[in-house]
Amino acid sequence: MTTRRNFLKTGPAAVLGLTGFTLDANAVVAPSITASEISMSHSFPNTEVIAHTGEKLRFYDDLIKDKVVMINFMSIGNEAKFPVTARLVKVADLLADRLGRDIHMISVTREPSRDTQIDLLNFAEKFAIRFGWTFVRADIPVLKALENRIYHHGAVGSNAEMPPDSTNLVHSISHTVDIVLYGNSQAGLWGTFPIEINAEDAARRVSWVVPKSATQTSETRRAGPREISAAGFSSDNRQV
Amino acid sequence: MTKRRDVLKLGLAATGAGIAAKAINAGAVPQSGLVFPQTFLPSIKEEPSPAATPFVAPLVRMPIAQPVSASSITPPPVEAAHQRYDEFLPKKFYSQVISEFRWRYHPEPPYDQGSWSWGFNGMTPGETFHAYYGEPILVRRINMLPPVGSGHVKFALPSVSIHLHNAHTASESDGIPQDYFDSSYFWDYHYANFPAGNDPREAMSTLWYHDHRLDFTAPNVYAGLTGFYLLFDELDSNNERDKSPHAFRLPSGEYDIPLILHDVKFDQNGQARWDFFNPNPADSTGREGGITDHHWNHYTTNGMLGDRFTVNRTIQPFLQVERRKYRLRILNGGPSRLYNLALQAARPSKGSSNGEKFIVISTDGNLLPEPIVQRNIEVWVAQRHDVIVDFSNFRDGDQVYLVNHLEMKDDGTGPTGRDNAKGDLIMRFDIVPAKGPDLSRIPDRLRELPPIDMSIVRKERLFVFDYTNGLWTINGRLMDPNRVDAAIEQGSAEIWTLRNAGNSWVHPIHTHFEEFQILEINGKPVKHGDVLKSRKDVVSLGPNMEMKFYSRWRDFLGKHVMHCHNVVHEDHAMMIRWDIVPPGMGD
C-alpha cells in the first residue's frame, strides 16, 4: 500500500532524528500567522478562516470555543470518490435541531486553491447546507497549521509528486479509512469515530460528549444487559 | 525464553540497520502529510511531571473485594439477560460503585493534595477479587461518575464498560466496548467462573478488570479504572499451607502481591494529564519566517507515555519483604508503554552473577506447564507475568529494585530498539527478616497445556495490522461495531495469523474470551521451555512479525472483540468485532 511505503520511508529518519521536516516546515509556517494565534492556551489554532457564507471567522474562538464540535477534512473534488460529506449529511439529519444548538460541525477543505468560498457555498447549498455546519476555507499556511493540530489523512507520495494543497486520499471503492474528530472543547474531551460507521452510530457518539446536567438522584437505572430475547441494537447487549 | 528475546532484539535491530541505510538514500523526508512529524516530542519532555522522591511511599496493597448480601442487590439481576445463568447461579454478589475522588500518588507536594481520579469503591486500582472456580459470582457496577462537563477529570468520558480480561465470560458480561453505561446507570456482570470447555487445563489465574469504553478506553483506563481479579482452584488454591497433596502451595496471602504498572504524566498541580494533543515543537527551531516561540499540538493516535512510574497507582513505591518466597503478579496496565523488567540489587544475591532471578510461573495469567527461570521479563500492555522471587537469597537490609530496561520511542508507538542500560527504577523491595518458616513451594510441574486438535479446525484467517492514513487498521479497516469481521462457529477451532505490516511500530494484540496457543512465530514453531509455549491472550506483535495461533470458541454465543492493547491504537480504531455463532452459521 502506497501510504504504508511512504510511512516506512519516514520511519528511519525519525529514529535517527533527522530534520527532514525543516524543508517542508517553511511552507507550513508563514509569517502571516502570529504566535499568539497558535498558543498553548488551547489545542487549536485561532487563525482566520473564511466560512462558506463568506464570513471571516476565528477558527477557535468562533467555531470551537465552548462548543461540542465534529471536525473533518474534505474537498469538493474528492466527494465523488470519497463521499465523506454525504455520510455526514445523514448524521446531520439525525442530529436535527440539536445541530447548531448542542452540536456544531466544521468541515475544512484541504484544497483551498480549488475550493473557493463561492464553491463551498454552492456545495453546501446543493448538498449539505445545515444550520450549525460550517464549511471552512483557509489559506494554505493556515490550513497547514490546522492540519498540524488535527488528525488528517496521511499524504501519499513525495513532495515532488504532490502539490502542497493536494488531498491525495487512500481509499478503495469499497471503503475508506478516515475519522471524524469530535469533542467538547469546554471540558477538553476529545474522541474520534471512523467515517465508515453508520449514521445512527455517529450521531450517538457525538452525543456522548454533550454536557449533561448533574442530577443528584440516588436512584440508579439498569443499562444492561438486556434480556437475550429482547430487541435492541445488533452491535451491543445494551438495554438502554 | 532466550529465543523470544532474541527474536525481538533481532526484529528491532534489523529495523535499526535498515534505518541507517534507508535514511542515507531517502534524504529529507516530506512531512506534510504525517500526523507525527519526525521531531515530535511528547509533553513529558516538554513539561516533565513535578519531582517526587522515589521510594518514600509504601506500596498500596489493594483490599480483597468483599461480597454483599444478595438481597442488597436491588433491583435484582435479570436472569433472562444472561446466558446459562441458571446453570451457574451466583453464589456471591458484589457491588462496585465507580466514582471520582482524589487519589494520592505520592506524599510530597503537589501530589500530597491528591490527584482527581476514577476508580471502584473509592480506590484505584479497585479491590482485588478472589474468585474460585466452581463459584459463580455476580458483580453489579454502578456508575456514579459526574456527568460530562461537571467532573474534575476532564479528559475521560464518564461512561464505562468494564471488561474482565481475559475471563471465559459470555458477551453480555464481557464488557465489550459497545456495552457502555452512563452516569447513574448500572450493569450486571455474571462471572460463571468455569474453565473453557470445563477443561481444568484451561483454568486461569491472574485476570484484571478495566474500562473498555468505545473510543475512550485509553483515557478511561488512565483515569484509574483498573483492578485485579484472581481465580483459584484446588491446585492453585490460595493457600501455601494447603494439606491437599494436589495443591501447588504457591506463596499466598500477604505473600501473593498483585502489581499493576502505569506510567502517568502529571501537570504542575499534580493532576494526571492526558495528551489528546501532544506538543510538537517541530517548528520551534528558529527558521526564518517561521514562528519560533510556540508549540504545535497534534491530535495523538500513536500512544501516550507518562514520566512517573507508578505501581498500584503510587509513584515509585517501596515494599518491605521478608526473606522468603513471594508471588508477584506483574501486570502492565498501559496505556502504551512496554517494559522489560529485571531485578537489581546493590549487593547481588548469592549465585546471581548473571542477574537476579525471576521464576516465571505464568504468562497472561495462565500457569505454565513448568516454571521457567528468567533474568528479565517482557511485559507489553495488558500482559501479565506471575513470578516467584525468593528474597531469602538476599540479606537483611538489602534493597532490590524492579528495573525497566526497555526504551520507548517518544511518540509511544513502540520500543526504540535500544537497551536502556541504566534503567528506570520502578519500585524497591526492602528485605527484612522472615517472621516464620516459608511453607510455600515451587512445584516442578504446574498446569499442562490443553491439547491442540487440528481435526476441529474449521477455518484459517489472516489479520494484517497496519497504518493507513495515519490510523491503525486491521485488514485495512477501522472498527465498526455494526460489522461482524469474523463469524466463528461455536465449538470449532480456528487458526489465526496475525501479521504486523509495519517495520517500526509494535502492537500488543488481545483477543477476548478464550486463551490461544501460539503455533509459529515468523514461520518457526515455539519450542518447549519457551514462556511462549503457553496459553496466551496478548500477542507481542513486533515489527514485521507474524504469529500464528490456534484457538477454540466454546460455551457461549455472542459478540466479542480483538484489538491492539496499546489503548490509543485501540481507540483509533485498531479493533475488530467477532461473533460466536451457532454451528452452520459461520462465515
# chains A, B, ... in the order shown; residues from 1 in each chain; ligands from 1
>>> select_by_dssp(residues="range 120-156 of chain A", states="strand (DSSP E or B)", output="PyMOL selection string")
chain A and resi 133-137
>>> closest_residue(among="B:Phe120, B:Phe391, B:Phe556, B:Phe232", to="His82 in chain B", atoms="only C-alpha atoms")
B:Phe556
>>> residues_around(residues="range 131-143 of chain A", least_positions_apart="6", cutoff="6 Å", atoms="only C-alpha atoms", output="PyMOL selection string")
chain A and resi 28-30+49-52+99-100+104-109+112
>>> closest_residue(among="B:Thr413, B:Gln344, B:Ser352, B:Ser184", to="Tyr401 in chain B", atoms="only C-alpha atoms")
B:Gln344
>>> residues_around(residues="Leu235 in chain B", least_positions_apart="5", cutoff="12 Å", atoms="only C-alpha atoms", output="short mmCIF file (atom, residue, chain, number, x, y, z; two decimals) with N, CA and C atoms, in the first residue's frame")
data_model
loop_
_atom_site.label_atom_id
_atom_site.label_comp_id
_atom_site.auth_asym_id
_atom_site.auth_seq_id
_atom_site.Cartn_x
_atom_site.Cartn_y
_atom_site.Cartn_z
N TYR B 132 -13.24 -18.14 42.78
CA TYR B 132 -12.90 -19.57 42.79
C TYR B 132 -13.65 -20.28 41.68
N TYR B 133 -12.97 -21.15 40.99
CA TYR B 133 -13.65 -21.99 40.01
C TYR B 133 -14.73 -22.80 40.71
N PRO B 200 -10.08 -28.47 33.05
CA PRO B 200 -9.28 -27.82 34.10
C PRO B 200 -7.94 -27.31 33.59
N ARG B 201 -7.49 -27.82 32.45
CA ARG B 201 -6.24 -27.30 31.89
C ARG B 201 -6.41 -25.89 31.33
N ALA B 203 -7.90 -23.55 33.07
CA ALA B 203 -8.09 -22.64 34.20
C ALA B 203 -7.08 -21.49 34.13
N MET B 204 -7.54 -20.32 34.53
CA MET B 204 -6.70 -19.13 34.52
C MET B 204 -6.46 -18.64 35.95
N SER B 205 -5.48 -17.77 36.11
CA SER B 205 -5.10 -17.34 37.45
C SER B 205 -5.20 -15.83 37.66
N GLU B 240 -0.79 -21.50 50.88
CA GLU B 240 0.53 -22.13 50.83
C GLU B 240 0.67 -23.22 51.89
N ASP B 242 -1.82 -25.45 52.27
CA ASP B 242 -2.85 -26.42 51.88
C ASP B 242 -2.35 -27.85 52.11
N LYS B 243 -3.18 -28.67 52.77
CA LYS B 243 -2.74 -30.03 53.08
C LYS B 243 -3.04 -31.00 51.94
N SER B 244 -3.81 -30.53 50.96
CA SER B 244 -4.11 -31.41 49.82
C SER B 244 -2.83 -31.76 49.08
N PRO B 245 -2.64 -33.03 48.74
CA PRO B 245 -1.42 -33.41 48.02
C PRO B 245 -1.37 -32.81 46.62
N HIS B 246 -2.51 -32.39 46.08
CA HIS B 246 -2.54 -31.83 44.73
C HIS B 246 -2.21 -30.34 44.70
N ALA B 247 -2.33 -29.71 45.86
CA ALA B 247 -2.20 -28.24 45.87
C ALA B 247 -0.77 -27.82 45.55
N PHE B 248 -0.67 -26.73 44.78
CA PHE B 248 0.66 -26.24 44.41
C PHE B 248 1.38 -25.57 45.58
N ARG B 249 0.61 -25.01 46.48
CA ARG B 249 1.17 -24.30 47.65
C ARG B 249 2.11 -23.17 47.22
N LEU B 250 1.66 -22.42 46.24
CA LEU B 250 2.39 -21.21 45.85
C LEU B 250 2.25 -20.16 46.95
N LEU B 367 -1.06 -20.33 34.34
CA LEU B 367 0.10 -21.06 34.86
C LEU B 367 0.73 -21.88 33.74
N PRO B 443 6.33 -25.87 42.61
CA PRO B 443 6.22 -27.23 42.06
C PRO B 443 7.04 -27.39 40.77
N ARG B 445 5.99 -29.18 38.28
CA ARG B 445 5.00 -29.13 37.20
C ARG B 445 3.83 -28.26 37.65
N LEU B 446 3.30 -27.48 36.75
CA LEU B 446 2.15 -26.64 37.08
C LEU B 446 0.94 -27.12 36.27
N ARG B 447 0.47 -26.33 35.32
CA ARG B 447 -0.73 -26.74 34.58
C ARG B 447 -0.34 -27.20 33.18
N GLU B 448 -0.75 -28.39 32.84
CA GLU B 448 -0.46 -28.91 31.50
C GLU B 448 -1.22 -28.10 30.45
#
>>> residues_around(residues="Leu225 in chain B", least_positions_apart="6", cutoff="12 Å", atoms="only C-alpha atoms", output="ChimeraX atom specification")
/B:96-100,117-127,141,143,145,156-164,208-213,216-219,260,262,312-313,333-335
>>> closest_residue(among="B:Glu407, B:Asp466, B:Asp256, B:Asp430", to="chain A", atoms="only C-alpha atoms")
B:Asp466
>>> residues_around(residues="Ile330 in chain B", least_positions_apart="3", cutoff="10 Å", atoms="only C-alpha atoms", output="PyMOL selection string")
chain B and resi 206+257-261+311+327+333+341+363-365+377+379+382-387
>>> write_last_selection(atoms="N, CA and C atoms", output="mmCIF file, in the first residue's frame")
data_model
loop_
_atom_site.group_PDB
_atom_site.id
_atom_site.type_symbol
_atom_site.label_atom_id
_atom_site.label_comp_id
_atom_site.auth_asym_id
_atom_site.auth_seq_id
_atom_site.Cartn_x
_atom_site.Cartn_y
_atom_site.Cartn_z
ATOM 1 N N THR B 206 -4.444 -15.088 36.864
ATOM 2 C CA THR B 206 -4.360 -13.643 37.107
ATOM 3 C C THR B 206 -5.098 -12.900 36.012
ATOM 4 N N ILE B 257 1.249 -10.909 45.774
ATOM 5 C CA ILE B 257 1.079 -9.460 45.631
ATOM 6 C C ILE B 257 0.866 -9.070 44.176
ATOM 7 N N PRO B 258 -0.335 -8.586 43.859
ATOM 8 C CA PRO B 258 -0.561 -8.045 42.517
ATOM 9 C C PRO B 258 0.099 -6.668 42.380
ATOM 10 N N LEU B 259 0.743 -6.453 41.253
ATOM 11 C CA LEU B 259 1.427 -5.181 40.975
ATOM 12 C C LEU B 259 1.006 -4.715 39.594
ATOM 13 N N ILE B 260 0.301 -3.604 39.528
ATOM 14 C CA ILE B 260 -0.074 -3.070 38.219
ATOM 15 C C ILE B 260 0.760 -1.826 37.932
ATOM 16 N N LEU B 261 1.369 -1.835 36.765
ATOM 17 C CA LEU B 261 2.265 -0.745 36.378
ATOM 18 C C LEU B 261 1.544 0.196 35.414
ATOM 19 N N VAL B 311 3.240 2.047 40.601
ATOM 20 C CA VAL B 311 2.839 0.669 40.852
ATOM 21 C C VAL B 311 1.654 0.729 41.804
ATOM 22 N N ARG B 327 4.998 -14.438 45.614
ATOM 23 C CA ARG B 327 4.387 -14.494 44.279
ATOM 24 C C ARG B 327 4.033 -13.062 43.880
ATOM 25 N N GLY B 333 -0.459 -2.143 33.001
ATOM 26 C CA GLY B 333 -1.783 -1.557 32.806
ATOM 27 C C GLY B 333 -1.845 -0.510 31.702
ATOM 28 N N LEU B 341 11.564 -6.008 32.294
ATOM 29 C CA LEU B 341 11.815 -5.840 33.725
ATOM 30 C C LEU B 341 12.885 -6.799 34.224
ATOM 31 N N THR B 363 2.131 -16.809 32.289
ATOM 32 C CA THR B 363 2.095 -15.702 31.346
ATOM 33 C C THR B 363 0.644 -15.435 30.979
ATOM 34 N N ASP B 364 0.331 -14.155 30.850
ATOM 35 C CA ASP B 364 -1.051 -13.733 30.592
ATOM 36 C C ASP B 364 -2.023 -14.387 31.572
ATOM 37 N N GLY B 365 -1.565 -14.591 32.769
ATOM 38 C CA GLY B 365 -2.450 -15.094 33.808
ATOM 39 C C GLY B 365 -2.656 -16.584 33.815
ATOM 40 N N ILE B 377 11.876 -10.120 32.235
ATOM 41 C CA ILE B 377 10.568 -10.448 31.667
ATOM 42 C C ILE B 377 10.075 -9.265 30.854
ATOM 43 N N VAL B 379 7.017 -7.336 29.421
ATOM 44 C CA VAL B 379 5.602 -7.194 29.749
ATOM 45 C C VAL B 379 5.035 -6.075 28.888
ATOM 46 N N ALA B 382 -1.093 -4.942 28.945
ATOM 47 C CA ALA B 382 -2.109 -5.944 29.289
ATOM 48 C C ALA B 382 -1.531 -7.324 29.545
ATOM 49 N N GLN B 383 -0.259 -7.508 29.306
ATOM 50 C CA GLN B 383 0.316 -8.819 29.605
ATOM 51 C C GLN B 383 0.561 -8.939 31.113
ATOM 52 N N ARG B 384 0.515 -10.173 31.565
ATOM 53 C CA ARG B 384 0.785 -10.456 32.971
ATOM 54 C C ARG B 384 1.844 -11.526 33.060
ATOM 55 N N HIS B 385 2.665 -11.400 34.069
ATOM 56 C CA HIS B 385 3.576 -12.469 34.427
ATOM 57 C C HIS B 385 3.474 -12.684 35.926
ATOM 58 N N ASP B 386 3.127 -13.887 36.334
ATOM 59 C CA ASP B 386 3.294 -14.236 37.750
ATOM 60 C C ASP B 386 4.702 -14.783 37.895
ATOM 61 N N VAL B 387 5.433 -14.214 38.839
ATOM 62 C CA VAL B 387 6.791 -14.696 39.079
ATOM 63 C C VAL B 387 6.946 -14.993 40.572
#
>>> residues_around(residues="Ala202 in chain A", least_positions_apart="4", cutoff="8 Å", atoms="only C-alpha atoms", output="short mmCIF file (atom, residue, chain, number, x, y, z; two decimals) with C-alpha atoms, in the first residue's frame")
data_model
loop_
_atom_site.label_atom_id
_atom_site.label_comp_id
_atom_site.auth_asym_id
_atom_site.auth_seq_id
_atom_site.Cartn_x
_atom_site.Cartn_y
_atom_site.Cartn_z
CA VAL A 91 -25.52 12.33 10.64
CA PHE A 193 -15.07 7.89 15.15
CA ILE A 197 -19.69 3.69 10.83
CA ASN A 198 -23.37 4.11 10.19
CA VAL A 206 -21.06 12.76 19.22
#
>>> closest_residue(among="B:Gln399, B:Thr314, B:Asp419, B:Pro110", to="Asn340 in chain B", atoms="only C-alpha atoms")
B:Asp419
>>> closest_residue(among="A:Arg130, A:Lys67, A:Arg98, A:Arg114", to="chain B", atoms="only C-alpha atoms")
A:Lys67
